[in-house]
Structure formats: C-alpha cells, structure tokens
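Engineer: Mind looking over this structure? Questions follow.
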Amino acid sequence: MPDQMTGALTRDELNATFDQLAQRGGLLACISVDLDGFKSFNGAVGQLRGDTALREVAERVGGVVGSDGVVARVSGGTLVVLSDRWDLDAAESVAEQIAHAVLKLPVLRANEPHELSESECSDAKGHVFFFGPDDAGDYAIAPVRGIAPGLPKVDPTAGLSVTTAFISVSTGVSVMPASETTLPILVRAAEDKVVEAKRRLPDWGELLRLRQER
C-alpha cells in the first residue's frame with residue numbers, strides 16, 4: 001500500500017522495487033530529495049499545512065520522474081527516487097529538474113503577513129529577501145540547493161508587508177552497478193550528497209524572507 005500521506009511508495013515497497021531492478025543488472029540511480037527545515041516548518045504552520053506541503057512536493061517530484069523511476073517516502077521530509085534508466089549525468093539532470101520544479105511550488109506560509117516595524121528593519125538589513133514566487137505575491141520562498149532563484153531583491157522598509165517561510169530543498173545523487181550495491185548503500189551515498197549540499201546553505205531559519213503586497 002502506498003504512503004497514505006503522499007501516495008509515494010513506502011520503504012518496504014522501495015525495497016521490493018530495488019530487488020526487481022537489481023535482478024536486471026546494469027546501473028541503478030538514486031536521488032535523495034530532502035526538505036530543508038521541514039521540522040521547523042511543521043512547528044510554525046502546524047501539521048496539516050506541513051502535510052499539504054509534503055504532498056505537493058511529492059506530486060511535483062513524481063511529475064518530473066514520470067515512468068522512468070519510482071518515488072518513495074523514507075522519512076518525514078525525505079523522498080527517494082530510484083531508477084535503472086539513468087547514468088550519473090542523467091540522474092544529476094533529473095535532480096536539477098526536481099529542485100527547480102519544487103522551487104516553483106508556492107511555499108506554505110509560516111505566519112500571516114504583518115508590517116515591519118522600525119526595529120525589525122534594522123535587524124533585517126544585509127539579509128537576502130525574495131518576492132513571490134507567484135504573481136499574486138501570496139508566498140515567500142527560500143533558495144533551492146543554496147542557489148538564489150533569481151527573484152527580485154528588496155530593501156526592508158518600515159510598513160512593508162512580509163511573511164516568513166522555512167522550506168527549501170536539497171538533493172543528492174548516487175549511481176552504482178546493481179551487482180555491486182545494496183539499497184542501504186545506494187541511498188546512503190545519495191544522502192551523503194544531500195549533507196554536502198546542506199553545508200553550503202545559509203541558515204535560512206535565521207533570515208527574514210520578505211514579500212511586497214501587490
């Protein structure tokens with residue numbers, strides 16, 4: 001039975017799929033997709049909004065992968081993609097597509113918009129701020145994989161309407177011959193790449209994301 005939250009495969013189903021693919025031989029590719037700050041986001045917005053965010057992310061990841069692989073949820077905010085159709089370059093390309101697909105999702109708000117006070121403006125100076133990403137201006141967003149998404153920068157001013165969010169995403173890729181690996185080894189290698197990506201991220205929980213009312 002698929003994961004009830006996201007519709008993705010469960011860990012047991014991922015194990016069974018790995019066994020099937022491994023019997024065919026060739027290369028196996030794994031992409032680990034981890035939501036940065038997901039626990040803090042859940043604490044800020046509540047479990048229901050966090051569940052909605054995770055479900056939307058899983059749907060977007062599945063849309064990118066299509067029939068070339070499977071998507072499984074292996075822990076709270078972590079998804080794993082498994083495929084026998086990609087070499088390393090192809091898997092890296094898919095990981096980039098996943099990151100940018102998730103970037104385009106409206107990030108659920110952590111709080112209701114409020115106007116910046118003079119003291120908040122002082123604290124906010126020198127930080128990185130982003131509009132968007134949608135035309136309605138309903139959400140703030142954090143960079144994906146430590147790369148600013150090219151959204152406009154804005155200087156904090158008193159009275160500016162703002163909202164905060166805590167989700168971005170990091171991905172990691174591993175590709176190994178099926179005859180030389182196991183699922184835990186393959187997944188751990190991809191997760192190690194996620195850890196490397198996270199080390200390059202600023203502490204977005206300490207930054208203020210701004211958006212301007214349209």
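Identifiers for the structure tokens are assigned positionally: chains receive A, B, ... in sequence, residues are indexed from 1 per chain, and ligands are indexed from 1 in the order shown.
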Counting only C-alpha atoms, what is within 12 Å of Val81 of chain A, bar same-chain residues fewer than 3 positions away, as an MDAnalysis selection string?
Structural biologist: chainID A and resid 8:11 14 17:18 28:34 58 61:74 78 84:86 91:92 94:95 98 171:175 183 186:187 190:191
Engineer: One number please: atom CA of Glu59 of chain A to atom CA of Gly7 of chain A, in Å, one decimal.
Structural biologist: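 One can read the atom CA of Glu59 of chain A to atom CA of Gly7 of chain A distance as 8.3 Å.
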Engineer: Could you list, as an MDAnalysis selection string, every residue within 6 Å of Leu27 of chain A, counting only C-alpha atoms and ignoring same-chain residues fewer than 4 positions away?
Structural biologist: chainID A and resid 84 176:178
